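Heads up, upload.pdb below (PDB, C-alpha atoms, pLDDT in the B column):
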```pdb
ATOM      1  CA  MET X   1     102.931  10.738  37.159  1.00 53.00           C
ATOM      2  CA  ASP X   2     102.656  14.438  36.484  1.00 57.00           C
ATOM      3  CA  ASN X   3      99.654  16.625  37.253  1.00 60.00           C
ATOM      4  CA  ARG X   4      98.175  16.319  33.757  1.00 61.00           C
ATOM      5  CA  GLN X   5      98.076  12.532  33.998  1.00 59.00           C
ATOM      6  CA  ALA X   6      96.482  12.665  37.430  1.00 58.00           C
ATOM      7  CA  ILE X   7      93.804  15.074  36.233  1.00 60.00           C
ATOM      8  CA  GLY X   8      93.310  13.078  33.037  1.00 58.00           C
ATOM      9  CA  SER X   9      92.781   9.847  34.967  1.00 57.00           C
ATOM     10  CA  TRP X  10      90.249  11.602  37.183  1.00 58.00           C
ATOM     11  CA  LEU X  11      88.352  12.948  34.172  1.00 61.00           C
ATOM     12  CA  SER X  12      88.264   9.610  32.369  1.00 64.00           C
ATOM     13  CA  GLY X  13      87.023   7.771  35.447  1.00 67.00           C
ATOM     14  CA  PRO X  14      88.167   4.888  37.600  1.00 67.00           C
ATOM     15  CA  ARG X  15      87.602   2.258  34.912  1.00 66.00           C
ATOM     16  CA  ALA X  16      90.015   3.944  32.485  1.00 69.00           C
ATOM     17  CA  ALA X  17      92.605   4.401  35.235  1.00 68.00           C
ATOM     18  CA  ALA X  18      92.299   0.728  36.206  1.00 70.00           C
ATOM     19  CA  GLU X  19      92.593  -0.366  32.570  1.00 68.00           C
ATOM     20  CA  GLU X  20      95.750   1.731  32.217  1.00 74.00           C
ATOM     21  CA  ALA X  21      97.089  -0.106  35.264  1.00 73.00           C
ATOM     22  CA  GLY X  22      96.507  -3.433  33.475  1.00 71.00           C
ATOM     23  CA  VAL X  23      93.157  -4.604  34.854  1.00 71.00           C
ATOM     24  CA  ASP X  24      91.074  -6.516  32.267  1.00 69.00           C
ATOM     25  CA  PHE X  25      87.338  -5.924  32.719  1.00 72.00           C
ATOM     26  CA  GLY X  26      86.355  -7.707  29.540  1.00 76.00           C
ATOM     27  CA  PHE X  27      83.626  -6.372  27.305  1.00 84.00           C
ATOM     28  CA  ARG X  28      80.109  -5.311  28.231  1.00 84.00           C
ATOM     29  CA  GLY X  29      77.861  -8.347  28.494  1.00 86.00           C
ATOM     30  CA  GLU X  30      80.656 -10.889  28.824  1.00 86.00           C
ATOM     31  CA  GLN X  31      79.494 -11.915  32.307  1.00 85.00           C
ATOM     32  CA  LEU X  32      75.976 -12.381  30.942  1.00 86.00           C
ATOM     33  CA  GLY X  33      77.117 -14.625  28.100  1.00 86.00           C
ATOM     34  CA  LEU X  34      76.333 -12.083  25.401  1.00 89.00           C
ATOM     35  CA  PRO X  35      78.475 -11.409  22.320  1.00 92.00           C
ATOM     36  CA  GLU X  36      80.793  -8.415  22.194  1.00 88.00           C
ATOM     37  CA  GLN X  37      79.367  -6.952  18.966  1.00 91.00           C
ATOM     38  CA  GLY X  38      76.476  -7.410  16.593  1.00 91.00           C
ATOM     39  CA  PRO X  39      73.026  -8.875  17.246  1.00 94.00           C
ATOM     40  CA  GLY X  40      72.499  -9.909  20.857  1.00 91.00           C
ATOM     41  CA  SER X  41      75.190  -7.596  22.239  1.00 93.00           C
ATOM     42  CA  ILE X  42      74.497  -5.020  24.950  1.00 93.00           C
ATOM     43  CA  ALA X  43      72.822  -1.848  23.653  1.00 93.00           C
ATOM     44  CA  ARG X  44      74.934   1.282  23.964  1.00 91.00           C
ATOM     45  CA  PRO X  45      73.678   4.286  25.952  1.00 90.00           C
ATOM     46  CA  GLY X  46      73.435   6.554  22.897  1.00 92.00           C
ATOM     47  CA  ARG X  47      71.052   4.200  21.107  1.00 95.00           C
ATOM     48  CA  ARG X  48      68.997   3.750  24.258  1.00 94.00           C
ATOM     49  CA  LEU X  49      68.640   7.513  24.751  1.00 94.00           C
ATOM     50  CA  GLY X  50      67.816   7.985  21.078  1.00 97.00           C
ATOM     51  CA  ALA X  51      65.083   5.351  21.263  1.00 97.00           C
ATOM     52  CA  LEU X  52      63.647   6.981  24.386  1.00 95.00           C
ATOM     53  CA  ALA X  53      63.676  10.380  22.658  1.00 97.00           C
ATOM     54  CA  VAL X  54      61.774   8.952  19.669  1.00 98.00           C
ATOM     55  CA  ASP X  55      59.215   7.306  21.958  1.00 97.00           C
ATOM     56  CA  TRP X  56      58.806  10.516  23.958  1.00 94.00           C
ATOM     57  CA  GLY X  57      58.335  12.566  20.796  1.00 94.00           C
ATOM     58  CA  LEU X  58      55.756  10.105  19.492  1.00 95.00           C
ATOM     59  CA  CYS X  59      53.830  10.206  22.775  1.00 92.00           C
ATOM     60  CA  LEU X  60      54.020  13.999  22.843  1.00 90.00           C
ATOM     61  CA  LEU X  61      52.592  14.167  19.314  1.00 90.00           C
ATOM     62  CA  ILE X  62      49.771  11.805  20.257  1.00 90.00           C
ATOM     63  CA  ALA X  63      48.960  13.783  23.400  1.00 87.00           C
ATOM     64  CA  TYR X  64      49.095  17.158  21.664  1.00 84.00           C
ATOM     65  CA  GLY X  65      47.264  16.084  18.540  1.00 81.00           C
ATOM     66  CA  LEU X  66      44.550  13.858  19.955  1.00 82.00           C
ATOM     67  CA  LEU X  67      43.962  14.720  23.598  1.00 79.00           C
ATOM     68  CA  THR X  68      44.695  18.359  24.308  1.00 81.00           C
ATOM     69  CA  ASP X  69      45.351  21.649  22.561  1.00 79.00           C
ATOM     70  CA  SER X  70      47.872  22.838  25.143  1.00 78.00           C
ATOM     71  CA  TYR X  71      51.511  21.862  24.722  1.00 80.00           C
ATOM     72  CA  THR X  72      52.156  22.355  28.450  1.00 79.00           C
ATOM     73  CA  ARG X  73      49.346  20.041  29.522  1.00 76.00           C
ATOM     74  CA  ALA X  74      50.342  17.510  26.859  1.00 78.00           C
ATOM     75  CA  ALA X  75      53.968  17.454  28.046  1.00 83.00           C
ATOM     76  CA  GLN X  76      53.234  17.460  31.774  1.00 86.00           C
ATOM     77  CA  VAL X  77      50.245  15.128  32.031  1.00 86.00           C
ATOM     78  CA  TRP X  78      49.332  13.123  28.978  1.00 89.00           C
ATOM     79  CA  ALA X  79      52.638  12.302  27.279  1.00 90.00           C
ATOM     80  CA  PRO X  80      54.133  10.546  30.353  1.00 92.00           C
ATOM     81  CA  LEU X  81      50.942   8.497  30.783  1.00 94.00           C
ATOM     82  CA  ILE X  82      50.905   7.536  27.122  1.00 94.00           C
ATOM     83  CA  LEU X  83      54.614   6.632  27.285  1.00 96.00           C
ATOM     84  CA  PHE X  84      53.997   4.465  30.363  1.00 97.00           C
ATOM     85  CA  VAL X  85      51.204   2.567  28.611  1.00 96.00           C
ATOM     86  CA  LEU X  86      53.181   2.358  25.360  1.00 97.00           C
ATOM     87  CA  ILE X  87      56.186   0.804  27.068  1.00 97.00           C
ATOM     88  CA  ILE X  88      54.125  -1.716  29.029  1.00 96.00           C
ATOM     89  CA  LEU X  89      52.077  -2.819  26.021  1.00 96.00           C
ATOM     90  CA  THR X  90      54.826  -2.956  23.404  1.00 96.00           C
ATOM     91  CA  VAL X  91      57.760  -4.231  25.466  1.00 96.00           C
ATOM     92  CA  GLY X  92      55.485  -6.702  27.257  1.00 94.00           C
ATOM     93  CA  SER X  93      54.215  -8.165  23.992  1.00 94.00           C
ATOM     94  CA  LEU X  94      56.860  -7.521  21.319  1.00 95.00           C
ATOM     95  CA  GLY X  95      59.989  -6.759  23.339  1.00 95.00           C
ATOM     96  CA  PHE X  96      60.475  -3.294  21.854  1.00 97.00           C
ATOM     97  CA  THR X  97      58.838   0.112  21.514  1.00 97.00           C
ATOM     98  CA  PRO X  98      58.677   1.978  18.191  1.00 98.00           C
ATOM     99  CA  GLY X  99      61.804   3.924  19.144  1.00 98.00           C
ATOM    100  CA  LYS X 100      63.692   0.779  20.148  1.00 97.00           C
ATOM    101  CA  ARG X 101      62.673  -0.869  16.869  1.00 97.00           C
ATOM    102  CA  LEU X 102      63.873   2.163  14.906  1.00 98.00           C
ATOM    103  CA  PHE X 103      67.266   2.001  16.661  1.00 97.00           C
ATOM    104  CA  GLY X 104      67.472  -1.802  16.415  1.00 97.00           C
ATOM    105  CA  LEU X 105      67.084  -2.587  20.126  1.00 97.00           C
ATOM    106  CA  LYS X 106      65.105  -5.192  22.035  1.00 96.00           C
ATOM    107  CA  VAL X 107      64.484  -5.934  25.719  1.00 96.00           C
ATOM    108  CA  VAL X 108      64.946  -9.606  26.617  1.00 95.00           C
ATOM    109  CA  SER X 109      64.810 -11.608  29.807  1.00 94.00           C
ATOM    110  CA  LEU X 110      68.071 -13.196  30.886  1.00 90.00           C
ATOM    111  CA  ASP X 111      66.525 -16.548  31.725  1.00 89.00           C
ATOM    112  CA  THR X 112      63.785 -17.067  29.092  1.00 88.00           C
ATOM    113  CA  GLY X 113      64.663 -14.546  26.391  1.00 85.00           C
ATOM    114  CA  ARG X 114      61.119 -13.138  26.394  1.00 89.00           C
ATOM    115  CA  VAL X 115      59.932 -10.438  28.783  1.00 91.00           C
ATOM    116  CA  ASN X 116      56.670 -11.228  30.576  1.00 90.00           C
ATOM    117  CA  PRO X 117      54.186  -8.449  31.405  1.00 91.00           C
ATOM    118  CA  LEU X 118      54.961  -8.417  35.150  1.00 92.00           C
ATOM    119  CA  ARG X 119      58.672  -7.880  34.527  1.00 92.00           C
ATOM    120  CA  THR X 120      57.784  -5.180  32.019  1.00 95.00           C
ATOM    121  CA  LEU X 121      55.577  -3.436  34.576  1.00 96.00           C
ATOM    122  CA  LEU X 122      58.321  -3.572  37.235  1.00 95.00           C
ATOM    123  CA  ARG X 123      60.963  -2.360  34.770  1.00 95.00           C
ATOM    124  CA  THR X 124      58.746   0.505  33.570  1.00 95.00           C
ATOM    125  CA  VAL X 125      57.839   1.684  37.066  1.00 96.00           C
ATOM    126  CA  LEU X 126      61.526   1.749  38.008  1.00 94.00           C
ATOM    127  CA  LEU X 127      62.365   3.505  34.733  1.00 93.00           C
ATOM    128  CA  PHE X 128      59.841   6.237  35.527  1.00 94.00           C
ATOM    129  CA  LEU X 129      61.427   6.748  38.942  1.00 93.00           C
ATOM    130  CA  ALA X 130      64.531   7.776  36.902  1.00 89.00           C
ATOM    131  CA  LEU X 131      67.141   7.095  39.590  1.00 85.00           C
ATOM    132  CA  PRO X 132      67.307   3.302  38.993  1.00 87.00           C
ATOM    133  CA  ALA X 133      67.850   3.947  35.281  1.00 88.00           C
ATOM    134  CA  LEU X 134      70.791   6.240  36.066  1.00 88.00           C
ATOM    135  CA  ILE X 135      72.635   3.643  38.189  1.00 89.00           C
ATOM    136  CA  TRP X 136      74.503   1.238  35.896  1.00 88.00           C
ATOM    137  CA  ASP X 137      76.593  -1.851  36.454  1.00 87.00           C
ATOM    138  CA  ARG X 138      79.770  -2.633  34.552  1.00 83.00           C
ATOM    139  CA  ASP X 139      77.778  -4.344  31.800  1.00 86.00           C
ATOM    140  CA  GLY X 140      75.851  -1.129  31.123  1.00 85.00           C
ATOM    141  CA  ARG X 141      72.562  -2.381  32.549  1.00 91.00           C
ATOM    142  CA  GLY X 142      70.545   0.035  34.621  1.00 91.00           C
ATOM    143  CA  LEU X 143      69.264  -0.914  38.046  1.00 93.00           C
ATOM    144  CA  HIS X 144      65.766  -1.157  36.561  1.00 93.00           C
ATOM    145  CA  ASP X 145      67.038  -3.899  34.212  1.00 94.00           C
ATOM    146  CA  ARG X 146      68.900  -5.725  36.988  1.00 93.00           C
ATOM    147  CA  VAL X 147      65.872  -5.822  39.282  1.00 93.00           C
ATOM    148  CA  ALA X 148      63.585  -6.997  36.480  1.00 93.00           C
ATOM    149  CA  GLY X 149      66.131  -9.562  35.239  1.00 93.00           C
ATOM    150  CA  THR X 150      66.212  -8.059  31.760  1.00 94.00           C
ATOM    151  CA  VAL X 151      68.795  -6.678  29.384  1.00 94.00           C
ATOM    152  CA  GLU X 152      68.488  -4.363  26.385  1.00 94.00           C
ATOM    153  CA  VAL X 153      70.303  -5.842  23.386  1.00 96.00           C
ATOM    154  CA  ARG X 154      70.847  -5.042  19.733  1.00 95.00           C
ATOM    155  CA  MET X 155      68.648  -6.818  17.204  1.00 93.00           C
TER     156      MET X 155
END
```
Give the structure from this file in structure tokens form.
Amino acid sequence: MDNRQAIGSWLSGPRAAAEEAGVDFGFRGEQLGLPEQGPGSIARPGRRLGALAVDWGLCLLIAYGLLTDSYTRAAQVWAPLILFVLIILTVGSLGFTPGKRLFGLKVVSLDTGRVNPLRTLLRTVLLFLALPALIWDRDGRGLHDRVAGTVEVRM
């Protein structure tokens, strides 16, 4: 192995280096019994971030347009509160927020398929702490999803 391969394996991460060595990790969601592609498969990070950006923008518009005339106060105080309530109400009842619906995503429980309000509250609190959402397992689920027993899938 020359230096370029060593640096390339470091840049692509341990999973890519292990796959080059012949280790088969399977596809995301295989351990959970989910399909590899299509409806019911694990949501990709790009779609999840896009849905969160849409929800944040919607909450920022609501806060700026209805509650305050200051963009700074809307972004720092009201928009996060509105987003918190939006996620709890919509994911707890429908399984998706407006942004998730736009990107074709849904949050489901692993055991029942429907997320109850207590799991939604736990998942949302952990999501707002940010760190649990940044720690992922090999299926692409954040720690907030693992603790709540949920998974975000494509519709």
Note to self: Between X:Leu67, X:Asp55, X:Gly104, X:Val125, which residue has the minimum interatomic distance to Gly38 of chain X, considering all atoms listed in the file?
What the structure shows: X:Gly104
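Closest approach to Arg119 of chain X among X:Ser41, X:Ser93, X:Thr68, X:Gln31 is made by X:Ser93 (distances from all atoms listed in the file).
Evaluated against this file, the PyMOL selection byres ((chain X and resi 94) around 10) yields Leu89, Thr90, Val91, Gly92, Ser93, Gly95, Phe96, Thr97, Arg101, Lys106, Val107, Val108, Arg114, Val115 and Asn116 of chain X.
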Note to self: Applying the PyMOL selection byres ((chain X and resi 142) around 10) to the file I just gave you, which residues come out? Please list them as a ChimeraX atom specification.
What the structure shows: /X:123,126-127,131-141,143-147,150-152
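Distance annotation: of X:Leu81, X:Leu102, X:Leu61, X:Ile42, the residue with the minimal separation from Val153 of chain X is X:Ile42; atom set is only C-alpha atoms.
Proximity ranking of X:Ile87, X:Leu34, X:Glu20, X:Leu110 relative to Thr124 of chain X places X:Ile87 first, based on all atoms listed in the file.
The closest residue to Gly113 of chain X, picked from X:Gly40, X:Arg48, X:Leu60, X:Val54 and counting all atoms listed in the file, is X:Gly40.
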Check: Which value, in Å to one decimal, gives the distance between atom CA of Ala130 of chain X and atom CA of Tyr64 of chain X?
Finding: 23.6 Å
Notebook entry, point to check: At what distance in Å, to one decimal, does atom CA of Pro39 of chain X lie from atom CA of Ile88 of chain X?
Noted result: 23.4 Å
Next item on the list: Could you tell me how far atom CA of Val85 of chain X lies from atom CA of Gly57 of chain X, in Å and to one decimal?
Entry: 14.6 Å
Using the chain letters and numbers from the file, which residues does the PyMOL selection byres ((chain X and resi 63) around 9) grab, as an mmCIF file with C-alpha atoms, keeping the file's coordinate frame?
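Below you can see expr-v1.cif, which holds the result:
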```
data_model
loop_
_atom_site.group_PDB
_atom_site.id
_atom_site.type_symbol
_atom_site.label_atom_id
_atom_site.label_comp_id
_atom_site.auth_asym_id
_atom_site.auth_seq_id
_atom_site.Cartn_x
_atom_site.Cartn_y
_atom_site.Cartn_z
ATOM 1 C CA LEU X 58 55.756 10.105 19.492
ATOM 2 C CA CYS X 59 53.830 10.206 22.775
ATOM 3 C CA LEU X 60 54.020 13.999 22.843
ATOM 4 C CA LEU X 61 52.592 14.167 19.314
ATOM 5 C CA ILE X 62 49.771 11.805 20.257
ATOM 6 C CA TYR X 64 49.095 17.158 21.664
ATOM 7 C CA GLY X 65 47.264 16.084 18.540
ATOM 8 C CA LEU X 66 44.550 13.858 19.955
ATOM 9 C CA LEU X 67 43.962 14.720 23.598
ATOM 10 C CA THR X 68 44.695 18.359 24.308
ATOM 11 C CA ASP X 69 45.351 21.649 22.561
ATOM 12 C CA TYR X 71 51.511 21.862 24.722
ATOM 13 C CA ARG X 73 49.346 20.041 29.522
ATOM 14 C CA ALA X 74 50.342 17.510 26.859
ATOM 15 C CA ALA X 75 53.968 17.454 28.046
ATOM 16 C CA VAL X 77 50.245 15.128 32.031
ATOM 17 C CA TRP X 78 49.332 13.123 28.978
ATOM 18 C CA ALA X 79 52.638 12.302 27.279
ATOM 19 C CA ILE X 82 50.905 7.536 27.122
#
```
Note to self: Could you check the closest approach to Leu52 of chain X for each of X:Val23, X:Thr72, X:Phe84, X:Asp111 and tell me which residue wins, using all atoms listed in the file?
What the structure shows: X:Phe84
Go ahead and fit an axis-aligned box to every listed atom of segment 54-64 of chain X plus 8 Å each side, and pass me the centre and edge lengths in Å, one decimal, as lines of an AutoDock Vina configuration file.
```
center_x = 55.4
center_y = 12.2
center_z = 21.6
size_x = 28.8
size_y = 25.9
size_z = 20.6
```
Kindly output segment 83-94 of chain X as a PDB file, in the frame of the given file, after building all heavy atoms.
```pdb
ATOM      1  N   LEU X  83      53.328   7.342  27.349  1.00 96.00           N
ATOM      2  CA  LEU X  83      54.614   6.632  27.285  1.00 96.00           C
ATOM      3  C   LEU X  83      54.614   5.422  28.209  1.00 96.00           C
ATOM      4  O   LEU X  83      55.085   4.345  27.831  1.00 96.00           O
ATOM      5  CB  LEU X  83      55.765   7.575  27.643  1.00 96.00           C
ATOM      6  CG  LEU X  83      57.165   6.984  27.574  1.00 96.00           C
ATOM      7  CD1 LEU X  83      57.508   6.558  26.150  1.00 96.00           C
ATOM      8  CD2 LEU X  83      58.193   7.971  28.083  1.00 96.00           C
ATOM      9  N   PHE X  84      54.080   5.576  29.404  1.00 97.00           N
ATOM     10  CA  PHE X  84      53.997   4.465  30.363  1.00 97.00           C
ATOM     11  C   PHE X  84      53.208   3.305  29.759  1.00 97.00           C
ATOM     12  O   PHE X  84      53.657   2.159  29.770  1.00 97.00           O
ATOM     13  CB  PHE X  84      53.357   4.962  31.663  1.00 97.00           C
ATOM     14  CG  PHE X  84      53.376   3.967  32.777  1.00 97.00           C
ATOM     15  CD1 PHE X  84      54.507   3.812  33.564  1.00 97.00           C
ATOM     16  CD2 PHE X  84      52.273   3.180  33.039  1.00 97.00           C
ATOM     17  CE1 PHE X  84      54.537   2.898  34.594  1.00 97.00           C
ATOM     18  CE2 PHE X  84      52.295   2.253  34.067  1.00 97.00           C
ATOM     19  CZ  PHE X  84      53.421   2.116  34.853  1.00 97.00           C
ATOM     20  N   VAL X  85      52.042   3.607  29.209  1.00 96.00           N
ATOM     21  CA  VAL X  85      51.204   2.567  28.611  1.00 96.00           C
ATOM     22  C   VAL X  85      51.882   1.975  27.381  1.00 96.00           C
ATOM     23  O   VAL X  85      51.871   0.758  27.171  1.00 96.00           O
ATOM     24  CB  VAL X  85      49.811   3.138  28.267  1.00 96.00           C
ATOM     25  CG1 VAL X  85      48.991   2.163  27.447  1.00 96.00           C
ATOM     26  CG2 VAL X  85      49.076   3.518  29.546  1.00 96.00           C
ATOM     27  N   LEU X  86      52.490   2.825  26.562  1.00 97.00           N
ATOM     28  CA  LEU X  86      53.181   2.358  25.360  1.00 97.00           C
ATOM     29  C   LEU X  86      54.289   1.359  25.705  1.00 97.00           C
ATOM     30  O   LEU X  86      54.392   0.298  25.083  1.00 97.00           O
ATOM     31  CB  LEU X  86      53.768   3.548  24.586  1.00 97.00           C
ATOM     32  CG  LEU X  86      54.616   3.193  23.368  1.00 97.00           C
ATOM     33  CD1 LEU X  86      53.725   2.894  22.178  1.00 97.00           C
ATOM     34  CD2 LEU X  86      55.584   4.299  23.048  1.00 97.00           C
ATOM     35  N   ILE X  87      55.091   1.692  26.689  1.00 97.00           N
ATOM     36  CA  ILE X  87      56.186   0.804  27.068  1.00 97.00           C
ATOM     37  C   ILE X  87      55.661  -0.517  27.591  1.00 97.00           C
ATOM     38  O   ILE X  87      56.140  -1.593  27.210  1.00 97.00           O
ATOM     39  CB  ILE X  87      57.111   1.491  28.100  1.00 97.00           C
ATOM     40  CG1 ILE X  87      57.873   2.639  27.453  1.00 97.00           C
ATOM     41  CG2 ILE X  87      58.091   0.484  28.702  1.00 97.00           C
ATOM     42  CD1 ILE X  87      58.677   3.482  28.428  1.00 97.00           C
ATOM     43  N   ILE X  88      54.659  -0.473  28.458  1.00 96.00           N
ATOM     44  CA  ILE X  88      54.125  -1.716  29.029  1.00 96.00           C
ATOM     45  C   ILE X  88      53.532  -2.602  27.935  1.00 96.00           C
ATOM     46  O   ILE X  88      53.795  -3.810  27.893  1.00 96.00           O
ATOM     47  CB  ILE X  88      53.106  -1.411  30.128  1.00 96.00           C
ATOM     48  CG1 ILE X  88      53.824  -0.849  31.348  1.00 96.00           C
ATOM     49  CG2 ILE X  88      52.323  -2.660  30.514  1.00 96.00           C
ATOM     50  CD1 ILE X  88      52.922  -0.382  32.448  1.00 96.00           C
ATOM     51  N   LEU X  89      52.733  -2.012  27.054  1.00 96.00           N
ATOM     52  CA  LEU X  89      52.077  -2.819  26.021  1.00 96.00           C
ATOM     53  C   LEU X  89      53.055  -3.361  24.983  1.00 96.00           C
ATOM     54  O   LEU X  89      52.989  -4.531  24.617  1.00 96.00           O
ATOM     55  CB  LEU X  89      50.985  -1.999  25.329  1.00 96.00           C
ATOM     56  CG  LEU X  89      49.766  -1.650  26.173  1.00 96.00           C
ATOM     57  CD1 LEU X  89      48.797  -0.795  25.369  1.00 96.00           C
ATOM     58  CD2 LEU X  89      49.083  -2.900  26.692  1.00 96.00           C
ATOM     59  N   THR X  90      53.955  -2.513  24.492  1.00 96.00           N
ATOM     60  CA  THR X  90      54.826  -2.956  23.404  1.00 96.00           C
ATOM     61  C   THR X  90      56.000  -3.810  23.882  1.00 96.00           C
ATOM     62  O   THR X  90      56.310  -4.820  23.261  1.00 96.00           O
ATOM     63  CB  THR X  90      55.338  -1.761  22.587  1.00 96.00           C
ATOM     64  OG1 THR X  90      56.021  -0.859  23.449  1.00 96.00           O
ATOM     65  CG2 THR X  90      54.196  -1.054  21.892  1.00 96.00           C
ATOM     66  N   VAL X  91      56.644  -3.417  24.969  1.00 96.00           N
ATOM     67  CA  VAL X  91      57.760  -4.231  25.466  1.00 96.00           C
ATOM     68  C   VAL X  91      57.236  -5.543  26.046  1.00 96.00           C
ATOM     69  O   VAL X  91      57.846  -6.594  25.877  1.00 96.00           O
ATOM     70  CB  VAL X  91      58.608  -3.456  26.507  1.00 96.00           C
ATOM     71  CG1 VAL X  91      59.631  -4.360  27.157  1.00 96.00           C
ATOM     72  CG2 VAL X  91      59.296  -2.281  25.849  1.00 96.00           C
ATOM     73  N   GLY X  92      56.069  -5.489  26.693  1.00 94.00           N
ATOM     74  CA  GLY X  92      55.485  -6.702  27.257  1.00 94.00           C
ATOM     75  C   GLY X  92      55.030  -7.706  26.216  1.00 94.00           C
ATOM     76  O   GLY X  92      54.981  -8.903  26.478  1.00 94.00           O
ATOM     77  N   SER X  93      54.687  -7.240  25.022  1.00 94.00           N
ATOM     78  CA  SER X  93      54.215  -8.165  23.992  1.00 94.00           C
ATOM     79  C   SER X  93      55.260  -8.426  22.901  1.00 94.00           C
ATOM     80  O   SER X  93      55.482  -9.566  22.511  1.00 94.00           O
ATOM     81  CB  SER X  93      52.931  -7.623  23.356  1.00 94.00           C
ATOM     82  OG  SER X  93      53.173  -6.363  22.770  1.00 94.00           O
ATOM     83  N   LEU X  94      55.914  -7.376  22.421  1.00 95.00           N
ATOM     84  CA  LEU X  94      56.860  -7.521  21.319  1.00 95.00           C
ATOM     85  C   LEU X  94      58.324  -7.534  21.752  1.00 95.00           C
ATOM     86  O   LEU X  94      59.178  -8.053  21.053  1.00 95.00           O
ATOM     87  CB  LEU X  94      56.670  -6.377  20.315  1.00 95.00           C
ATOM     88  CG  LEU X  94      55.282  -6.246  19.686  1.00 95.00           C
ATOM     89  CD1 LEU X  94      55.188  -4.955  18.889  1.00 95.00           C
ATOM     90  CD2 LEU X  94      54.991  -7.447  18.823  1.00 95.00           C
TER      91      LEU X  94
END
```
